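Worksheet for the structure shown next.
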Protein chains: 2
Amino acid sequence: MTATPTPRVTIKDVAARAGVSKGAVSLAFNHKPGLSEATRDRIFLAARELGWSPSLTARTLAGSRVDVVGLAVCRPARVLGLEPWYMEFVSGVQSVLTEHSSSLLLRLVRNMDEEVGVQETWWRGRQIGGSILVDFRADDPRVAMTERLGMPVVAVGHPSLTGGLTSVWTDDATAVTEAVRYLAALGHRRIARVGGAADLGHTAIRTAAFDETAGALALAGAWQVATDFSGDAGARATRSLLTAAPADRPTAIVYDNDIMAVAGLSVAAEMGLRVPEDVSLLAWDDSQLCRLTHPTLSAMSHDVHGFGADVARTLFSVISEGEGGSHPVPTPVLTPRGSTAPPR
Amino acid sequence: MTATPTPRVTIKDVAARAGVSKGAVSLAFNHKPGLSEATRDRIFLAARELGWSPSLTARTLAGSRVDVVGLAVCRPARVLGLEPWYMEFVSGVQSVLTEHSSSLLLRLVRNMDEEVGVQETWWRGRQIGGSILVDFRADDPRVAMTERLGMPVVAVGHPSLTGGLTSVWTDDATAVTEAVRYLAALGHRRIARVGGAADLGHTAIRTAAFDETAGALALAGAWQVATDFSGDAGARATRSLLTAAPADRPTAIVYDNDIMAVAGLSVAAEMGLRVPEDVSLLAWDDSQLCRLTHPTLSAMSHDVHGFGADVARTLFSVISEGEGGSHPVPTPVLTPRGSTAPPR
DNA sequence: ACTCTTCACTGGACCGGTTAAGGGAGTGCG
DNA sequence: CGCACTCCCTTAACCGGTCCAGTGAAGAGT
C-alpha cells in the first residue's frame with residue numbers, strides 16, 4: 001500500500017555505467033557528432049540496462065526545444081463535451097504530433113482572458129514550444145499577445161481575423177456560396193441558415209457570404225439565426241423556422257455543423273415534415289454522424305482530420321524555420337446525400 | 001518577418017527589482033512563511049510590473065510537484081474522431097484540472113506497447129505528476145508498469161481488471177442486467193446486444209452479464225455481436241440482426257454506445273421497420289445525441305462529465321495523499337424515451 | 001623530430017527555480 | 001551588559017540535463 005519509492009536514474013548514472021562523462025551521454029542521445037561508434041553503443045547499452053530516458057524537463061530548462069504543443073479551447077463553464085469537429089481536429093493534430101514524438105497540452109478555458117493568461121503562462125514557463133490558436137473573433141487579443149511574446153503559433157482562421165500570424169484556413173465564404181447556389185439550382189427560393197456562435201469570426205464570414213449570395217440570386221426568402229452550436233439550439237432554431245405557413249417558410253436549411261443538422265432532421269420528423277420532400281437539410285463538417293441518419297445528410301464536407309494534420313505540420317515548420325504566411329486548405333465540397341432534393 | 005527575440009524575464013530580474021534575493025521571491029510565490037508583509041507586497045508588485053510568472057519547468061526540475069496529468073488513449077491509426085463519451089469524459093476531467101490550474105497532456109497511441117512507452121517516458125521525464133489510465137483489458141500490462149514506476153494513477157475500470165491500482169468504475173454488470181430486465185418487463189423475449197470492442201475489459205463484463213441475465217430470464221432469443229464502437233459497425237450489426245424472419249429476429253436491441261444506437265435507428269428506418277413498434281432500441285452513454293433523434297433514444301444514462309470529474313479528483317488525492325482503493329460511481333440509470341416500447 | 005590538425009572525450013558553467021542552513025538585527029530577560 | 005531567542009532574509013547547493021571551451025592522443029605534413 002505504501003507508495004513505491006521511485007529510484008530516479010539520471011544521466012550521471014548512465015555516464016558512470018558506460019564509463020564516460022555526462023557530456024558524452026548527452027551527445028549520444030542527441031545524435032550529435034563527436035563520438036566513436038563503440039562509445040555510442042556502450043552508452044545506449046548502459047541506458048537501456050538502467051531504463052533511462054532523458055528528462056524532458058531538464059532538457060527544456062537547459063535551453064533546447066520543447067516538444068509540447070498547446071491548445072486552449074474556449075467553452076462555457078460546464079461543457080457538454082466538445083463537438084465532433086473538435087475531436088476530429090484534435091485527432092488529426094495528434095497524428096502528426098505522434099510522428100514527432102510530441103504531445104498535446106490541452107486546456108478548456110472559459111473566456112478569452114483566461115486563454116490569453118494560459119497561453120502566456122505556458123509559453124513563459126516553457127511548457128510549450130508553440131501553440132495552436134482556434135476560434136478567432138474580430139479584434140482578437142491573441143494576435144497582439146503572440147507578437148508580444150514572440151511565440152510560434154498557427155492561427156486557425158481567415159487571414160482577415162488572424163492579423164500577421166501564420167494561418168491555416170478554409171474558405172468559408174466560397175463554401176457558403178456554393179451551398180446556397182446548389183440549393184438554388186435545385187429550385188429552392190426560400191433558404192435559411194442556422195449559424196454558429198455570432199461572436200466567432202468564421203460565423204461572421206459565413207453570415208456575410210450568405211447574405212451576399214442570397215442577394216445575388218434574388219431569393220424570395222433568406223433567414224439567418226445565430227446559435228451556440230448545440231443540438232438543442234439547432235432544434236429550437238429549426239422549430240421556429242418551420243412553424244410559419246407553408247408558403248412562407250424555408251424549403252431548405254443550411255446548418256453550421258452536423259450536430260445541429262441532426263437535430264433539425266428530428267424536428268422536421270416531429271413536425272410531420274418529410275425530408276427532403278418538404279424541406280431540404282444541408283449539414284456542415286460531415287462527421288460520421290451524417291452517414292448514420294435516415295435520410296442520410298447532405299453536407300459540405302471537409303477533411304477535418306487532414307486539416308488538423310496540416311495545422312500541426314505548419315506549426316512544426318513555424319517552430320523550426322519561422323515560416324509564416326497564410327495557408328488555405330481545400331474548400332469544403334458539397335456531398336449530396338438523401339436530405340436535399342428539389343422542393344415540391 | 002524575423003522572429004521576435006523573446007525577452008525572458010526570470011526570478012533574478014524580479015529579485016533585483018524588488019531589492020531582495022531569489023530565495024525571497026521563491027518564498028513569496030509559494031506562500032511560505034518567513035517574509036514580512038511589506039517585502040511580500042514589494043515582490044508581488046515587481047513581478048506584476050515585469051510580467052513574470054515562475055517557470056514550471058524549473059520548478060519541476062527543482063523537485064516540487066508536477067501539475068500536469070497524462071492521458072493516453074489507444075486508437076487505431078487513422079482515427080475518425082473519438083466517441084462522444086470521450087469528449088464528455090475529457091471535459092469533465094478538465095473541469096477539475098482547471099480548478100487546480102493543471103493541464104492535460106493528451107496523446108493518441110496506436111497500441112498498448114506504445115502507451116506503456118509513452119507513460120514511462122512521461123513519468124521518467126517528469127512530464128506528468130500522475131496519469132489517468134483508461135480502456136483496461138484482461139492482464140493489462142499497465143498494472144505492472146504502474147507498480148514498477150511507482151507512478152500515481154487512477155485506473156478507469158472494474159477492480160477485477162485494474163489489479164491493486166486505485167480505480168474508479170461504473171457497475172457495468174448491474175447496468176446491463178437492468179437494461180435487459182427492463183426490456184423483458186416490457187414483454188420482449190428476443191433481445192440482442194451490439195457490444196463494443198471485444199478485447200476491452202468492460203465489454204467482456206457486459207457480455208458476461210448479458211448472458212447471465214438472458215439465462216436467468218429464460219429469454220427465447222439472445223444475440224451478442226462485437227464491434228469496434230463505430231457507427232458503421234453498429235449499422236452493419238443492426239442490419240444483420242434485423243434481416244431474419246420477423247418471428248426469429250430480436251424485438252429489442254441494446255447498444256454499447258450512442259453512436260451505434262443512432263446508426264441502428266437509421267438502419268431500422270431504411271429497412272422499413274418502425275421504432276419502437278417493430279423494434280425497440282436502447283442506447284448507452286446518453287450524450288446529447290440521444291435527445292436529438294426521432295424518435296428520441298432511450299438510454300442507460302450516466303453522468304460522464306461528472307465521472308471524468310470524479311476521476312480527476314481521485315487522481316489529485318492519489319498524488320497528494322497516496323490514497324488508494326476502489327471507488328464505484330453511481331450505476332447508469334435507465335432513461336426511457338421514445339425508442340423503447342412493448343413489442344407488438 | 002617537430003609542429004599542426006583532427007578526433008574523441010572531459011570538465012564545468014549554466015538554465016530558473018527550491019530549499020536547507022546560516023547570519024544579522026532586534027527584543028526579552030536575568 | 002550579555003545571552004538566548006525570534007524574525008527576516010541571504011547564501012549556496014542542488015535538480016538533470018545542454019553546450020562550449022579545453023585537453024590529450026593519434027595521425028599528417030614537412
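Labels used: A, B, ... for chains in the order of the C-alpha cells, numbers from 1 for residues in each chain, and numbers from 1 for ligands as shown.
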
**Request:** Can you check which residues of chain A have any atom within 7 Å of chain B? Use only C-alpha atoms and format it as a PyMOL selection string.
**Result:** chain A and resi 3-6+53-58+61+79-82+84+87-88+91+94+103-108+121+124-127+149-150+231+262-263+266+269-270+292-294+322

Output C-alpha atoms for every residue in that selection, as a PDB file, in the first residue's frame.
ATOM      1  CA  ALA A   3       3.979   4.206  -2.411  1.00  0.00           C
ATOM      2  CA  THR A   4       6.949   2.552  -4.019  1.00  0.00           C
ATOM      3  CA  PRO A   5       9.911   4.883  -3.795  1.00  0.00           C
ATOM      4  CA  THR A   6      10.929   5.835  -7.276  1.00  0.00           C
ATOM      5  CA  SER A  53      15.409   8.167 -20.822  1.00  0.00           C
ATOM      6  CA  PRO A  54      16.374  11.820 -20.695  1.00  0.00           C
ATOM      7  CA  SER A  55      14.288  14.121 -18.555  1.00  0.00           C
ATOM      8  CA  LEU A  56      12.439  16.427 -20.849  1.00  0.00           C
ATOM      9  CA  THR A  57      12.115  18.858 -18.017  1.00  0.00           C
ATOM     10  CA  ALA A  58      15.831  19.205 -17.533  1.00  0.00           C
ATOM     11  CA  LEU A  61      15.375  24.038 -18.850  1.00  0.00           C
ATOM     12  CA  VAL A  79     -19.378  21.890 -21.222  1.00  0.00           C
ATOM     13  CA  LEU A  80     -21.341  19.007 -22.574  1.00  0.00           C
ATOM     14  CA  GLY A  81     -18.426  17.685 -24.465  1.00  0.00           C
ATOM     15  CA  LEU A  82     -16.756  19.120 -27.484  1.00  0.00           C
ATOM     16  CA  PRO A  84     -17.348  16.176 -33.220  1.00  0.00           C
ATOM     17  CA  MET A  87     -12.419  15.685 -31.740  1.00  0.00           C
ATOM     18  CA  GLU A  88     -11.592  15.020 -35.366  1.00  0.00           C
ATOM     19  CA  SER A  91      -7.107  13.562 -33.666  1.00  0.00           C
ATOM     20  CA  GLN A  94      -2.247  14.225 -32.819  1.00  0.00           C
ATOM     21  CA  SER A 103       2.268  15.647 -27.099  1.00  0.00           C
ATOM     22  CA  LEU A 104      -0.642  17.993 -26.910  1.00  0.00           C
ATOM     23  CA  LEU A 105      -1.251  20.116 -23.858  1.00  0.00           C
ATOM     24  CA  LEU A 106      -4.988  20.633 -23.836  1.00  0.00           C
ATOM     25  CA  ARG A 107      -6.919  23.048 -21.723  1.00  0.00           C
ATOM     26  CA  LEU A 108     -10.528  24.132 -21.691  1.00  0.00           C
ATOM     27  CA  THR A 121       1.890  31.103 -18.646  1.00  0.00           C
ATOM     28  CA  ARG A 124       6.717  31.887 -20.237  1.00  0.00           C
ATOM     29  CA  GLY A 125       7.049  28.729 -18.228  1.00  0.00           C
ATOM     30  CA  ARG A 126       8.476  26.952 -21.260  1.00  0.00           C
ATOM     31  CA  GLN A 127       5.715  24.424 -21.032  1.00  0.00           C
ATOM     32  CA  LEU A 149       5.550  37.004 -26.636  1.00  0.00           C
ATOM     33  CA  GLY A 150       7.247  36.049 -29.870  1.00  0.00           C
ATOM     34  CA  GLY A 231     -28.069  20.375 -30.756  1.00  0.00           C
ATOM     35  CA  VAL A 262     -29.189  16.042 -36.937  1.00  0.00           C
ATOM     36  CA  ALA A 263     -31.349  17.984 -34.519  1.00  0.00           C
ATOM     37  CA  SER A 266     -35.554  15.189 -35.903  1.00  0.00           C
ATOM     38  CA  ALA A 269     -39.902  14.464 -38.326  1.00  0.00           C
ATOM     39  CA  GLU A 270     -41.562  15.607 -35.139  1.00  0.00           C
ATOM     40  CA  LEU A 292     -25.827   7.425 -39.885  1.00  0.00           C
ATOM     41  CA  THR A 293     -29.112   9.247 -40.034  1.00  0.00           C
ATOM     42  CA  HIS A 294     -32.140   8.429 -42.142  1.00  0.00           C
ATOM     43  CA  GLY A 322       9.970  30.508 -38.529  1.00  0.00           C
TER      44      GLY A 322
END

Determine, for each residue of chain D having at least one atom at most 8 Å from an atom of chain A, the closest pair of atoms and their separation in Å to one decimal, counting only C-alpha atoms (C1' of nucleotides); order by chain and ascending number, as CSV.
residue,atom,partner,partner_atom,distance
D:DG16,C1',A:Ala58,CA,5.0
D:DG17,C1',A:Ala58,CA,4.5
D:DT18,C1',A:Ala62,CA,5.4

Could those residues be written to a file, using N, CA, C and O atoms (P, O5', C5', C4', C3', O3' and C1' of nucleotides), as an mmCIF file, in the first residue's frame?
data_model
loop_
_atom_site.group_PDB
_atom_site.id
_atom_site.type_symbol
_atom_site.label_atom_id
_atom_site.label_comp_id
_atom_site.auth_asym_id
_atom_site.auth_seq_id
_atom_site.Cartn_x
_atom_site.Cartn_y
_atom_site.Cartn_z
ATOM 1 P P DG D 16 17.778 14.446 -10.389
ATOM 2 O "O5'" DG D 16 17.970 14.709 -11.946
ATOM 3 C "C5'" DG D 16 16.832 14.966 -12.740
ATOM 4 C "C4'" DG D 16 17.287 15.480 -14.084
ATOM 5 C "C3'" DG D 16 18.346 14.611 -14.771
ATOM 6 O "O3'" DG D 16 18.071 14.596 -16.157
ATOM 7 C "C1'" DG D 16 19.112 16.797 -14.622
ATOM 8 P P DG D 17 18.619 13.343 -17.019
ATOM 9 O "O5'" DG D 17 18.512 13.916 -18.507
ATOM 10 C "C5'" DG D 17 19.628 14.535 -19.131
ATOM 11 C "C4'" DG D 17 19.361 16.001 -19.364
ATOM 12 C "C3'" DG D 17 20.241 16.649 -20.409
ATOM 13 O "O3'" DG D 17 19.576 16.624 -21.663
ATOM 14 C "C1'" DG D 17 20.111 17.981 -18.413
ATOM 15 P P DT D 18 20.452 16.768 -23.003
ATOM 16 O "O5'" DT D 18 20.940 18.292 -22.984
ATOM 17 C "C5'" DT D 18 20.006 19.335 -23.217
ATOM 18 C "C4'" DT D 18 20.771 20.645 -23.416
ATOM 19 C "C3'" DT D 18 21.735 20.663 -24.596
ATOM 20 O "O3'" DT D 18 21.646 21.966 -25.184
ATOM 21 C "C1'" DT D 18 22.918 21.136 -22.611
#

**Message:** Should the cut-off be 12 Å, what would the residue list for chain C against chain A look like, counting only C-alpha atoms (C1' of nucleotides), as a PyMOL selection string?
**Reply:** chain C and resi 6-17

**Request:** Find the residues near D:DC5: any atom within 12 Å, counting only C-alpha atoms (C1' of nucleotides), skip ones fewer than 5 places away on the same chain, and give them as an MDAnalysis selection string.
**Result:** chainID C and resid 26:29

**Request:** Please run DSSP on the backbone and report, as a count of residues only, all residues within stretch 117-304 of chain B that come out as alpha helix (DSSP H).
**Result:** 77

**Item:** Contacts of A:His327 within 12 Å, only C-alpha atoms (C1' of nucleotides), excl. fewer than 4 positions in-chain, as an MDAnalysis selection string
**Value:** chainID A and resid 154:159 162 165:171 307 310:311 313:315 323 331
